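Here is data-v9.txt, consisting of compact mmCIF, C-alpha atoms and all ligand atoms:
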# COMPACT_ATOMS: atom_id res chain seq x y z
CA MET D 59 -3.06 24.00 -16.44
CA ARG D 60 -0.72 26.95 -17.04
CA ILE D 61 -0.13 27.85 -13.39
CA PHE D 62 0.89 24.25 -12.69
CA GLU D 63 3.31 24.22 -15.59
CA ARG D 64 4.72 27.61 -14.68
CA ARG D 65 5.01 27.19 -10.91
CA GLU D 66 4.86 23.58 -9.86
CA SER D 67 8.05 21.57 -9.86
CA GLU D 68 8.84 19.19 -12.69
CA VAL D 69 8.61 16.44 -10.08
CA ARG D 70 4.82 16.49 -10.42
CA GLY D 71 3.62 13.07 -11.49
CA TYR D 72 -0.02 12.04 -11.37
CA ILE D 73 -1.08 15.42 -12.81
CA ARG D 74 0.56 14.19 -16.00
CA SER D 75 -1.14 10.78 -15.99
CA PHE D 76 -4.53 12.34 -15.30
CA PRO D 77 -4.52 15.77 -16.96
CA ALA D 78 -7.72 17.26 -15.56
CA ILE D 79 -8.39 19.77 -12.80
CA PHE D 80 -10.38 17.84 -10.24
CA ASP D 81 -12.92 19.65 -8.19
CA THR D 82 -15.28 17.43 -6.23
CA ALA D 83 -15.44 13.79 -5.23
CA LYS D 84 -17.79 11.35 -3.60
CA GLY D 85 -17.38 7.64 -2.98
CA ALA D 86 -15.75 6.09 -6.06
CA LEU D 87 -16.40 9.12 -8.26
CA LEU D 88 -14.33 12.18 -9.05
CA TYR D 89 -15.49 15.20 -11.04
CA ASP D 90 -13.31 17.70 -12.85
CA GLU D 91 -13.92 21.42 -13.24
CA GLN D 92 -16.01 20.89 -16.34
CA GLY D 93 -18.16 18.40 -14.47
CA LYS D 94 -16.78 15.35 -16.29
CA ARG D 95 -17.22 12.25 -14.16
CA TYR D 96 -14.48 9.70 -13.52
CA VAL D 97 -14.75 6.28 -11.89
CA ASP D 98 -11.81 6.04 -9.50
CA PHE D 99 -9.98 2.71 -9.68
CA PHE D 100 -6.87 4.25 -8.16
CA SER D 101 -8.16 5.46 -4.80
CA GLY D 102 -5.19 7.69 -4.05
CA ALA D 103 -2.89 4.65 -4.34
CA GLY D 104 -4.88 2.91 -1.62
CA THR D 105 -5.63 5.91 0.59
CA LEU D 106 -9.35 5.96 -0.15
CA ASN D 107 -10.40 2.44 0.81
CA TYR D 108 -13.49 4.01 2.42
CA GLY D 109 -14.16 6.20 -0.62
CA HIS D 110 -13.76 9.91 -1.31
CA ASN D 111 -15.46 12.16 1.24
CA ASN D 112 -17.09 9.27 3.02
CA PRO D 113 -20.21 10.91 4.53
CA ASP D 114 -19.72 9.41 8.01
CA ILE D 115 -16.11 10.57 8.09
CA THR D 116 -16.93 14.02 6.72
CA GLY D 117 -19.74 14.35 9.26
CA ALA D 118 -17.39 13.53 12.15
CA LEU D 119 -14.84 16.04 10.86
CA ILE D 120 -17.39 18.83 10.51
CA ALA D 121 -18.71 18.21 14.04
CA TYR D 122 -15.15 18.24 15.42
CA LEU D 123 -14.29 21.50 13.67
CA GLU D 124 -17.52 23.16 14.71
CA GLY D 125 -16.91 22.10 18.31
CA HIS D 126 -13.47 23.82 18.24
CA GLY D 127 -11.67 20.49 18.63
CA VAL D 128 -7.88 20.82 18.89
CA ILE D 129 -6.33 20.62 15.41
CA HIS D 130 -2.65 20.67 16.27
CA GLY D 131 -1.33 19.31 19.52
CA LEU D 132 2.24 18.05 18.81
CA ASP D 133 2.11 14.72 20.64
CA LYS D 134 0.18 16.01 23.61
CA ALA D 135 -2.83 14.09 24.87
CA THR D 136 -6.06 15.07 23.17
CA VAL D 137 -9.55 13.70 23.29
CA ALA D 138 -9.28 12.86 19.57
CA LYS D 139 -6.10 10.84 20.16
CA ARG D 140 -7.57 9.05 23.15
CA ASN D 141 -10.66 8.10 21.17
CA PHE D 142 -8.55 6.76 18.32
CA LEU D 143 -6.29 4.66 20.55
CA GLN D 144 -9.29 3.28 22.39
CA LYS D 145 -11.06 2.41 19.13
CA LEU D 146 -7.94 0.78 17.68
CA GLU D 147 -7.49 -1.29 20.84
CA ASP D 148 -11.15 -2.34 21.09
CA THR D 149 -11.93 -2.96 17.45
CA ILE D 150 -8.66 -4.08 15.88
CA LEU D 151 -6.05 -5.20 18.41
CA LEU D 152 -7.95 -7.00 21.20
CA PRO D 153 -10.20 -9.14 18.96
CA ARG D 154 -7.09 -10.28 17.08
CA HIS D 155 -5.10 -10.91 20.28
CA LEU D 156 -2.44 -8.50 19.05
CA ASP D 157 -0.51 -6.73 21.77
CA TYR D 158 1.13 -3.90 19.89
CA LYS D 159 2.18 -0.51 21.14
CA VAL D 160 1.45 2.38 18.82
CA GLN D 161 3.92 5.03 17.73
CA PHE D 162 2.62 8.01 15.79
CA THR D 163 5.19 9.11 13.26
CA GLY D 164 5.13 11.99 10.80
CA PRO D 165 2.04 11.72 8.62
CA THR D 166 3.40 9.86 5.59
CA GLY D 167 4.02 6.17 5.05
CA THR D 168 7.70 6.70 4.47
CA ASN D 169 7.92 8.26 7.97
CA ALA D 170 6.54 5.07 9.48
CA VAL D 171 9.04 2.99 7.50
CA GLU D 172 11.95 5.20 8.60
CA THR D 173 10.84 4.78 12.18
CA ALA D 174 10.63 1.00 11.91
CA LEU D 175 14.09 0.72 10.36
CA LYS D 176 15.60 3.05 12.94
CA LEU D 177 14.01 1.23 15.86
CA ALA D 178 15.02 -2.20 14.55
CA ARG D 179 18.62 -1.03 14.28
CA LEU D 180 18.49 0.49 17.75
CA VAL D 181 17.01 -2.61 19.38
CA LYS D 182 19.21 -5.17 17.66
CA GLN D 183 22.34 -3.01 17.60
CA ARG D 184 22.91 -4.16 14.04
CA SER D 185 22.69 -1.85 11.05
CA SER D 186 21.83 -4.17 8.19
CA ILE D 187 18.27 -4.47 6.88
CA LEU D 188 16.96 -7.09 4.51
CA ALA D 189 14.49 -6.12 1.79
CA PHE D 190 12.99 -7.94 -1.16
CA THR D 191 13.15 -7.54 -4.92
CA ASN D 192 10.45 -5.22 -6.31
CA ALA D 193 9.80 -3.80 -2.85
CA TYR D 194 8.34 -0.33 -2.40
CA HIS D 195 8.65 1.29 0.99
CA GLY D 196 8.80 5.02 0.23
CA LEU D 197 11.38 7.52 -0.96
CA THR D 198 13.06 9.27 1.96
CA MET D 199 16.64 8.13 2.28
CA GLY D 200 16.19 5.25 4.72
CA ALA D 201 13.00 4.01 3.09
CA LEU D 202 14.52 4.45 -0.35
CA ALA D 203 17.38 2.17 0.61
CA VAL D 204 14.90 -0.71 0.89
CA THR D 205 12.93 0.24 -2.28
CA GLY D 206 13.91 -1.81 -5.32
CA ASN D 207 12.94 0.11 -8.48
CA SER D 208 16.03 1.70 -10.08
CA PHE D 209 13.92 4.65 -11.28
CA TYR D 210 13.93 5.93 -7.71
CA ARG D 211 17.47 4.91 -6.75
CA ASP D 212 20.22 7.22 -7.91
CA GLU D 213 23.83 6.30 -7.26
CA SER D 214 24.51 9.86 -6.10
CA TYR D 215 22.20 9.47 -3.11
CA GLY D 216 24.78 7.06 -1.74
CA ILE D 217 22.53 5.53 0.86
CA ARG D 218 22.53 1.94 -0.21
CA ALA D 219 24.80 0.81 2.60
CA ASN D 220 23.50 -1.69 5.08
CA THR D 221 20.62 -3.00 3.08
CA ALA D 222 20.51 -6.23 1.12
CA PHE D 223 17.89 -7.39 -1.37
CA MET D 224 16.78 -11.00 -1.52
CA PRO D 225 14.35 -12.62 -3.99
CA TYR D 226 10.66 -12.24 -3.14
CA ASP D 227 8.30 -15.19 -3.42
CA GLY D 228 8.23 -16.37 -7.06
CA TYR D 229 11.06 -14.06 -8.17
CA LEU D 230 13.22 -16.95 -9.35
CA GLY D 231 10.32 -18.83 -10.92
CA PRO D 232 7.82 -21.27 -9.44
CA GLU D 233 10.45 -23.97 -8.88
CA VAL D 234 12.68 -22.04 -6.52
CA ASP D 235 11.81 -21.60 -2.87
CA THR D 236 13.40 -18.24 -2.19
CA ILE D 237 13.27 -18.77 1.58
CA ASP D 238 15.66 -21.74 1.14
CA TYR D 239 17.85 -19.45 -0.87
CA LEU D 240 17.81 -16.82 1.89
CA ARG D 241 18.42 -19.50 4.53
CA ARG D 242 21.61 -20.56 2.74
CA TYR D 243 22.92 -16.97 2.87
CA LEU D 244 22.13 -16.66 6.56
CA GLU D 245 23.68 -19.99 7.49
CA ASP D 246 26.88 -19.44 5.58
CA GLY D 247 29.28 -17.17 7.42
CA SER D 248 31.08 -16.44 4.16
CA SER D 249 28.02 -15.55 2.07
CA GLY D 250 28.80 -11.87 2.50
CA LEU D 251 25.38 -11.16 3.94
CA ASP D 252 25.56 -9.41 7.31
CA LEU D 253 23.06 -10.64 9.85
CA PRO D 254 20.23 -8.12 9.45
CA ALA D 255 18.46 -6.35 12.30
CA ALA D 256 15.18 -6.76 10.44
CA ALA D 257 13.55 -7.96 7.27
CA ILE D 258 10.92 -5.67 5.76
CA VAL D 259 8.27 -7.15 3.51
CA GLU D 260 4.95 -6.43 1.81
CA THR D 261 2.55 -9.38 1.75
CA VAL D 262 1.33 -8.05 -1.59
CA GLN D 263 3.76 -5.85 -3.50
CA ALA D 264 1.41 -3.21 -4.79
CA GLU D 265 3.80 -0.79 -6.49
CA GLY D 266 6.12 -3.62 -7.48
CA GLY D 267 3.62 -5.15 -9.90
CA VAL D 268 0.94 -6.72 -7.67
CA ASN D 269 2.98 -9.71 -6.55
CA VAL D 270 1.22 -11.79 -3.92
CA ALA D 271 3.37 -13.78 -1.50
CA ARG D 272 1.96 -17.22 -0.69
CA ASP D 273 0.81 -17.86 2.88
CA GLU D 274 3.43 -20.58 3.24
CA TRP D 275 6.18 -18.30 2.08
CA LEU D 276 5.20 -15.70 4.67
CA GLN D 277 5.06 -18.37 7.38
CA ASP D 278 8.49 -19.67 6.39
CA LEU D 279 9.85 -16.14 6.42
CA GLU D 280 8.48 -15.65 9.92
CA HIS D 281 10.13 -18.90 11.11
CA LEU D 282 13.42 -17.99 9.51
CA CYS D 283 13.37 -14.56 11.14
CA ARG D 284 12.69 -16.08 14.57
CA GLU D 285 15.43 -18.66 14.08
CA PHE D 286 18.05 -16.05 13.20
CA ASP D 287 16.89 -13.35 15.62
CA ILE D 288 15.81 -11.02 12.80
CA LEU D 289 12.86 -8.70 13.39
CA LEU D 290 10.03 -9.09 10.91
CA ILE D 291 8.49 -5.83 9.71
CA VAL D 292 5.37 -6.01 7.57
CA ASP D 293 4.77 -2.87 5.56
CA ASP D 294 0.98 -2.81 5.48
CA ILE D 295 0.69 0.73 4.20
CA GLN D 296 -1.05 -0.19 0.96
CA ALA D 297 -2.24 -3.78 1.48
CA GLY D 298 -3.62 -3.15 4.96
CA ASN D 299 -6.89 -1.53 6.01
CA GLY D 300 -8.94 -4.28 4.41
CA ARG D 301 -7.54 -4.11 0.90
CA THR D 302 -7.00 -7.88 0.81
CA GLY D 303 -10.09 -8.72 2.92
CA PRO D 304 -9.05 -8.82 6.59
CA PHE D 305 -7.96 -5.62 8.32
CA PHE D 306 -4.27 -6.58 8.22
CA SER D 307 -2.99 -8.23 5.06
CA PHE D 308 -0.89 -10.71 7.04
CA GLU D 309 -3.88 -12.21 8.84
CA ARG D 310 -4.44 -14.66 5.97
CA ALA D 311 -1.05 -16.25 6.68
CA GLY D 312 -1.55 -16.35 10.45
CA ILE D 313 1.75 -14.64 11.12
CA THR D 314 2.52 -12.04 13.79
CA PRO D 315 5.07 -9.48 12.66
CA ASP D 316 7.27 -7.76 15.23
CA MET D 317 6.38 -4.41 13.69
CA VAL D 318 3.73 -3.21 11.26
CA THR D 319 3.76 0.06 9.37
CA MET D 320 0.43 1.66 8.52
CA SER D 321 -0.55 4.76 6.61
CA LYS D 322 -2.61 5.53 3.48
CA SER D 323 -6.19 4.48 4.38
CA ILE D 324 -5.66 4.41 8.16
CA GLY D 325 -6.44 8.16 8.23
CA GLY D 326 -9.74 7.74 6.39
CA GLY D 327 -8.35 9.94 3.61
CA LEU D 328 -6.38 12.32 5.84
CA PRO D 329 -2.62 12.13 6.47
CA LEU D 330 -1.81 9.74 9.31
CA ALA D 331 0.91 7.14 9.79
CA LEU D 332 1.78 4.85 12.62
CA LEU D 333 4.05 2.05 13.64
CA LEU D 334 2.78 -0.92 15.60
CA MET D 335 5.44 -2.76 17.58
CA ARG D 336 5.70 -5.56 20.10
CA PRO D 337 5.90 -3.87 23.54
CA GLU D 338 9.43 -5.20 24.26
CA LEU D 339 10.68 -3.38 21.19
CA ASP D 340 9.49 -0.02 22.42
CA GLN D 341 12.93 1.01 23.63
CA TRP D 342 12.81 4.69 22.76
CA GLN D 343 13.76 7.35 25.29
CA PRO D 344 11.01 10.00 25.58
CA GLY D 345 11.29 12.32 22.59
CA GLU D 346 14.15 10.37 21.02
CA HIS D 347 12.31 10.11 17.71
CA THR D 348 10.20 13.20 17.41
CA GLY D 349 8.55 15.54 14.92
CA THR D 350 6.04 18.39 14.70
CA PHE D 351 3.15 16.72 12.97
CA ARG D 352 3.03 13.40 14.77
CA GLY D 353 -0.54 12.51 15.34
CA ASN D 354 -2.82 14.72 13.33
CA ASN D 355 -5.96 15.31 15.38
CA LEU D 356 -8.28 15.78 12.40
CA ALA D 357 -6.97 12.52 11.00
CA PHE D 358 -7.58 10.84 14.39
CA VAL D 359 -11.23 11.87 14.15
CA ALA D 360 -11.47 10.52 10.59
CA ALA D 361 -9.56 7.34 11.48
CA THR D 362 -11.75 6.63 14.51
CA GLU D 363 -14.83 6.94 12.34
CA ALA D 364 -13.30 4.75 9.61
CA LEU D 365 -12.52 2.00 12.14
CA ARG D 366 -16.26 1.66 12.75
CA TYR D 367 -16.27 -0.29 9.48
CA TRP D 368 -14.49 -2.99 11.48
CA ASP D 369 -17.16 -3.34 14.17
CA ASN D 370 -18.42 -6.32 12.17
CA ASP D 371 -17.38 -8.44 9.17
CA LYS D 372 -19.50 -6.65 6.60
CA LEU D 373 -16.70 -4.77 4.89
CA SER D 374 -14.37 -7.78 4.89
CA ASP D 375 -17.10 -9.92 3.34
CA ALA D 376 -17.87 -7.22 0.77
CA VAL D 377 -14.20 -7.08 -0.22
CA LEU D 378 -14.14 -10.80 -0.88
CA PHE D 379 -17.44 -10.65 -2.76
CA LYS D 380 -16.48 -7.68 -4.94
CA GLY D 381 -12.96 -9.08 -5.33
CA ALA D 382 -14.49 -12.20 -6.88
CA ILE D 383 -16.44 -10.03 -9.35
CA MET D 384 -13.20 -8.31 -10.32
CA LYS D 385 -11.38 -11.60 -10.70
CA GLU D 386 -14.08 -13.06 -12.91
CA ALA D 387 -14.25 -10.03 -15.19
CA LEU D 388 -10.47 -9.90 -15.45
CA GLU D 389 -10.24 -13.58 -16.23
CA SER D 390 -12.55 -13.11 -19.18
CA MET D 391 -10.41 -10.18 -20.38
CA LEU D 392 -7.40 -12.44 -19.99
CA GLU D 393 -8.92 -14.99 -22.34
CA LYS D 394 -8.97 -12.34 -25.03
CA SER D 395 -5.39 -11.34 -24.27
CA PRO D 396 -3.18 -14.42 -24.46
CA GLY D 397 0.21 -14.21 -22.83
CA CYS D 398 -0.95 -11.84 -20.13
CA GLU D 399 -1.07 -12.74 -16.46
CA LEU D 400 -3.48 -11.91 -13.66
CA ARG D 401 -2.35 -11.55 -10.05
CA GLY D 402 -4.04 -10.32 -6.93
CA CYS D 403 -6.37 -11.01 -4.03
CA GLY D 404 -9.18 -9.20 -2.23
CA MET D 405 -9.67 -5.91 -4.07
CA ILE D 406 -6.16 -5.44 -5.41
CA TRP D 407 -5.60 -6.91 -8.85
CA GLY D 408 -2.87 -6.55 -11.42
CA LEU D 409 -3.18 -7.38 -15.08
CA ASP D 410 0.37 -7.98 -16.31
CA LEU D 411 0.39 -7.10 -20.01
CA LYS D 412 3.99 -8.32 -20.34
CA LYS D 413 5.01 -5.40 -22.47
CA ASN D 414 6.84 -2.24 -21.40
CA GLY D 415 4.53 0.73 -21.18
CA ALA D 416 1.43 -1.21 -22.28
CA ALA D 417 -0.45 -0.49 -19.06
CA LYS D 418 0.27 3.25 -19.50
CA GLU D 419 -1.54 3.16 -22.84
CA VAL D 420 -4.52 1.37 -21.34
CA SER D 421 -4.61 3.80 -18.44
CA LYS D 422 -4.59 6.73 -20.90
CA ALA D 423 -7.44 5.27 -22.96
CA ALA D 424 -9.40 4.55 -19.77
CA PHE D 425 -8.89 8.14 -18.60
CA GLU D 426 -10.47 9.44 -21.79
CA LYS D 427 -13.45 7.20 -21.07
CA GLY D 428 -13.82 8.61 -17.57
CA MET D 429 -11.72 6.37 -15.34
CA LEU D 430 -8.66 6.73 -13.14
CA ILE D 431 -6.47 3.67 -13.11
CA GLU D 432 -2.74 3.39 -12.46
CA THR D 433 0.07 1.18 -13.62
CA SER D 434 2.57 -0.67 -11.53
CA GLY D 435 5.73 -2.69 -12.02
CA CYS D 436 9.10 -1.25 -13.02
CA ASP D 437 8.22 -1.14 -16.74
CA SER D 438 4.62 0.14 -16.36
CA GLN D 439 3.56 -3.22 -17.70
CA VAL D 440 0.97 -3.99 -15.01
CA LEU D 441 -2.47 -2.39 -14.88
CA LYS D 442 -3.34 -2.06 -11.19
CA LEU D 443 -6.98 -2.14 -10.08
CA LEU D 444 -7.54 -0.52 -6.71
CA PRO D 445 -11.13 0.74 -6.41
CA PRO D 446 -12.46 1.97 -3.05
CA LEU D 447 -13.57 -1.02 -0.95
CA THR D 448 -16.94 0.69 -0.54
CA ILE D 449 -17.60 1.03 -4.29
CA GLU D 450 -21.17 0.19 -5.32
CA GLU D 451 -21.50 -2.93 -7.43
CA PRO D 452 -22.88 -1.17 -10.55
CA LEU D 453 -19.97 1.30 -10.51
CA LEU D 454 -17.51 -1.53 -10.06
CA LYS D 455 -18.96 -3.26 -13.12
CA GLU D 456 -18.99 -0.02 -15.08
CA GLY D 457 -15.31 0.41 -14.29
CA LEU D 458 -14.49 -3.14 -15.33
CA ASN D 459 -16.26 -2.56 -18.65
CA ILE D 460 -14.24 0.58 -19.26
CA ILE D 461 -11.05 -1.42 -18.71
CA ASP D 462 -12.21 -4.05 -21.18
CA GLU D 463 -12.93 -1.36 -23.79
CA ALA D 464 -9.63 0.39 -23.13
CA LEU D 465 -7.77 -2.91 -23.54
CA GLU D 466 -9.62 -3.51 -26.81
CA GLU D 467 -8.66 -0.10 -28.17
CA THR D 468 -5.03 -0.24 -27.18
CA VAL D 469 -3.15 -3.46 -26.69
CA ARG D 470 -5.55 -5.87 -28.41
CA SER D 471 -6.11 -3.81 -31.55
CA LYS D 472 -2.42 -3.12 -31.86
CA THR D 473 -1.56 -6.83 -32.01
CA VAL D 474 0.81 -6.44 -29.14
CA PHE D 475 0.28 -10.08 -28.35
CA ALA D 476 1.86 -13.06 -29.99
CA VAL D 477 0.88 -13.81 -33.60
CA GLY D 478 -2.09 -16.13 -33.72
CA SER D 479 -3.71 -14.65 -30.63
CA ALA D 480 -7.45 -14.29 -30.70
CA LEU D 481 -8.03 -10.62 -31.34
C1 LIG D 501 2.78 4.33 -0.42
C2 LIG D 501 3.65 3.37 0.27
C3 LIG D 501 4.71 3.78 1.10
C4 LIG D 501 5.07 5.23 1.27
O1 LIG D 501 4.04 6.00 1.77
P1 LIG D 501 4.06 7.59 1.53
O2 LIG D 501 2.91 8.11 2.30
O3 LIG D 501 3.91 7.78 0.05
O4 LIG D 501 5.36 8.10 2.01
C5 LIG D 501 5.41 2.81 1.77
N1 LIG D 501 5.13 1.51 1.63
C6 LIG D 501 4.13 1.07 0.84
C7 LIG D 501 3.85 -0.38 0.75
C8 LIG D 501 3.37 1.98 0.11
O5 LIG D 501 2.41 1.56 -0.69
What does the file become when written as structure tokens?
Amino acid sequence: MRIFERRESEVRGYIRSFPAIFDTAKGALLYDEQGKRYVDFFSGAGTLNYGHNNPDITGALIAYLEGHGVIHGLDKATVAKRNFLQKLEDTILLPRHLDYKVQFTGPTGTNAVETALKLARLVKQRSSILAFTNAYHGLTMGALAVTGNSFYRDESYGIRANTAFMPYDGYLGPEVDTIDYLRRYLEDGSSGLDLPAAAIVETVQAEGGVNVARDEWLQDLEHLCREFDILLIVDDIQAGNGRTGPFFSFERAGITPDMVTMSKSIGGGLPLALLLMRPELDQWQPGEHTGTFRGNNLAFVAATEALRYWDNDKLSDAVLFKGAIMKEALESMLEKSPGCELRGCGMIWGLDLKKNGAAKEVSKAAFEKGMLIETSGCDSQVLKLLPPLTIEEPLLKEGLNIIDEALEETVRSKTVFAVGSAL
């Protein structure tokens, strides 16, 4: 670890949560240099929905490299790009009757978010953007302005102008419909809220603590946006690519966003990000929003292969099936941990331990037992389960058992919970 401590910036993060030197990986398993095996319930924060080194994806990459396929092409036309666009159109867009144009941005999620915000402002000629409490959209300046967590937001960055935060579904308790609340602000010319160009939302706030918006809430948000001429951007970077069951996380609510940001698993494990937009919104001049690494050809090859999982409903069905196994196991853990709360859907689940830092302790104990699992929520109070969608059932169960044991050793044994709880 010495070279990392000596040379790598203090900004390094996950290396601290998971202090091992990882060497190889396959499916839902990671191995460190000593050969210790870890079950991965983190999946690169949702980048490895199809597993580490998925053999079909790796095979396609090797064949492409051996055939001298173009690796870097700026945004020129390549066979790899054509194949990806064709596959996306045939397998994802046409069957869902979605007519979106595709913009390839720089390869990170935050690039796609920046692009969406910029385009919304350009199209609507209004600068204000609406975001929601506990949102996470990335950490470049524009994306950071719509990210909620104060840990990431420093006053000195001075980029908070022209964004407004409104309460997400459930933020004000189960009694308050936060869309009504938002409506009041929009209707009232003296509320102080500028009419936004766009609202950006996650259907499931993954980093924000695994908060799931209800279908109705999403539908009401869509109606409100239409009524007030506000563009609706769904950030599907973490919840998309099948994490909640369907390919897009918003399919369950039957809404059609004006723009959708995608990254993380879209590249099959390689860096790729894109923005989907209604064709009328595609008002860019050629080259107006550009960059060197837009459209990464190796990632196109991986992404095209990954989209083959969507040729039929098998993966979607598996997500719902394995999601139910996760839910059941977590519910029984919940019984032993009174006062905690379980949230999630598909194969993203959050166990809210309702105590600052508690999930960090569980994650640490789980790591020692050979598991990678991350925390979420602004106080690291939520344990976030995000295994690869392709995880084998026995490994999934093994992972769930490790979590149960880690909970037993940390929070439960330390009587973190209210007096009188069943320990
Ligand atoms: C990870 C994430 C981002 C940012 O993506 P990066 O590739 O880390 O820049 C944006 N939005 C959501 C919902 C995310 O989960």
As a quick test: using all atoms listed in the file, which residues lie no more than 6 Å away from ligand LIG 501 (chain D)? Give them as a PDB file with C-alpha atoms, keeping the file's coordinate frame.
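Produced file pocket23.pdb, reproduced below:
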ATOM      1  CA  THR D 166       3.400   9.860   5.590  1.00  0.00           C
ATOM      2  CA  GLY D 167       4.020   6.170   5.050  1.00  0.00           C
ATOM      3  CA  THR D 168       7.700   6.700   4.470  1.00  0.00           C
ATOM      4  CA  TYR D 194       8.340  -0.330  -2.400  1.00  0.00           C
ATOM      5  CA  HIS D 195       8.650   1.290   0.990  1.00  0.00           C
ATOM      6  CA  GLY D 196       8.800   5.020   0.230  1.00  0.00           C
ATOM      7  CA  ASP D 293       4.770  -2.870   5.560  1.00  0.00           C
ATOM      8  CA  ILE D 295       0.690   0.730   4.200  1.00  0.00           C
ATOM      9  CA  GLN D 296      -1.050  -0.190   0.960  1.00  0.00           C
TER      10      GLN D 296
END
Which is closer to Val292 of chain D than all the others in D:Leu276, D:Cys403, D:Ala423, D:Val359, using only C-alpha atoms?
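Ranking D:Leu276, D:Cys403, D:Ala423, D:Val359 by distance to Val292 of chain D, first place goes to D:Leu276.
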Here is a test: counting only C-alpha atoms, which residue of D:Met335, D:Ala103, D:Leu444, D:Leu330 is nearest to Leu289 of chain D?
D:Met335
Quick one: residues within 9 Å of segment 238-253 of chain D, all atoms listed in the file counted, chain neighbours fewer than 5 positions away excluded, as a PDB file with C-alpha atoms, in the frame of the given file?
ATOM      1  CA  ARG D 184      22.910  -4.160  14.040  1.00  0.00           C
ATOM      2  CA  SER D 185      22.690  -1.850  11.050  1.00  0.00           C
ATOM      3  CA  SER D 186      21.830  -4.170   8.190  1.00  0.00           C
ATOM      4  CA  ILE D 187      18.270  -4.470   6.880  1.00  0.00           C
ATOM      5  CA  LEU D 188      16.960  -7.090   4.510  1.00  0.00           C
ATOM      6  CA  ASN D 220      23.500  -1.690   5.080  1.00  0.00           C
ATOM      7  CA  ALA D 222      20.510  -6.230   1.120  1.00  0.00           C
ATOM      8  CA  MET D 224      16.780 -11.000  -1.520  1.00  0.00           C
ATOM      9  CA  PRO D 225      14.350 -12.620  -3.990  1.00  0.00           C
ATOM     10  CA  LEU D 282      13.420 -17.990   9.510  1.00  0.00           C
ATOM     11  CA  PHE D 286      18.050 -16.050  13.200  1.00  0.00           C
ATOM     12  CA  ASP D 287      16.890 -13.350  15.620  1.00  0.00           C
ATOM     13  CA  ILE D 288      15.810 -11.020  12.800  1.00  0.00           C
TER      14      ILE D 288
END
Tell me which of D:Cys436, D:Leu332, D:Val259, D:Leu356 sits closest to His130 of chain D, counting all atoms listed in the file.
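Looking only at the distances to His130 of chain D, the closest residue turns out to be D:Leu356.
Across D:Pro165, D:Gly228, D:Gly266, D:Gly109, the tightest approach to Glu450 of chain D is made by D:Gly109 when counting all atoms listed in the file.
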Go through D:Asp316, D:Asp157, D:Glu419, D:Glu456 and flag the residue nearest Leu290 of chain D, using only C-alpha atoms for the distances.
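That would be D:Asp316, the residue with the smallest distance to Leu290 of chain D.
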For the interface of segment 350-445 of chain D with segment 75-83 of chain D (cut-off 12 Å, counting only C-alpha atoms), please tabulate each contacting residue of segment 350-445 of chain D alongside its nearest pair of atoms and their separation in Å to one decimal, rows sorted by chain and increasing number, as JSON lines.
{"residue": "D:Ala417", "atom": "CA", "partner": "D:Ser75", "partner_atom": "CA", "distance": 11.7}
{"residue": "D:Lys418", "atom": "CA", "partner": "D:Ser75", "partner_atom": "CA", "distance": 8.4}
{"residue": "D:Glu419", "atom": "CA", "partner": "D:Ser75", "partner_atom": "CA", "distance": 10.3}
{"residue": "D:Val420", "atom": "CA", "partner": "D:Ser75", "partner_atom": "CA", "distance": 11.3}
{"residue": "D:Ser421", "atom": "CA", "partner": "D:Ser75", "partner_atom": "CA", "distance": 8.2}
{"residue": "D:Lys422", "atom": "CA", "partner": "D:Ser75", "partner_atom": "CA", "distance": 7.2}
{"residue": "D:Ala423", "atom": "CA", "partner": "D:Phe76", "partner_atom": "CA", "distance": 10.8}
{"residue": "D:Ala424", "atom": "CA", "partner": "D:Phe76", "partner_atom": "CA", "distance": 10.2}
{"residue": "D:Phe425", "atom": "CA", "partner": "D:Phe76", "partner_atom": "CA", "distance": 6.9}
{"residue": "D:Glu426", "atom": "CA", "partner": "D:Phe76", "partner_atom": "CA", "distance": 9.3}
{"residue": "D:Lys427", "atom": "CA", "partner": "D:Phe76", "partner_atom": "CA", "distance": 11.8}
{"residue": "D:Gly428", "atom": "CA", "partner": "D:Phe76", "partner_atom": "CA", "distance": 10.3}
{"residue": "D:Met429", "atom": "CA", "partner": "D:Phe76", "partner_atom": "CA", "distance": 9.3}
{"residue": "D:Leu430", "atom": "CA", "partner": "D:Phe76", "partner_atom": "CA", "distance": 7.3}
{"residue": "D:Ile431", "atom": "CA", "partner": "D:Phe76", "partner_atom": "CA", "distance": 9.2}
{"residue": "D:Glu432", "atom": "CA", "partner": "D:Ser75", "partner_atom": "CA", "distance": 8.3}
{"residue": "D:Thr433", "atom": "CA", "partner": "D:Ser75", "partner_atom": "CA", "distance": 10.0}
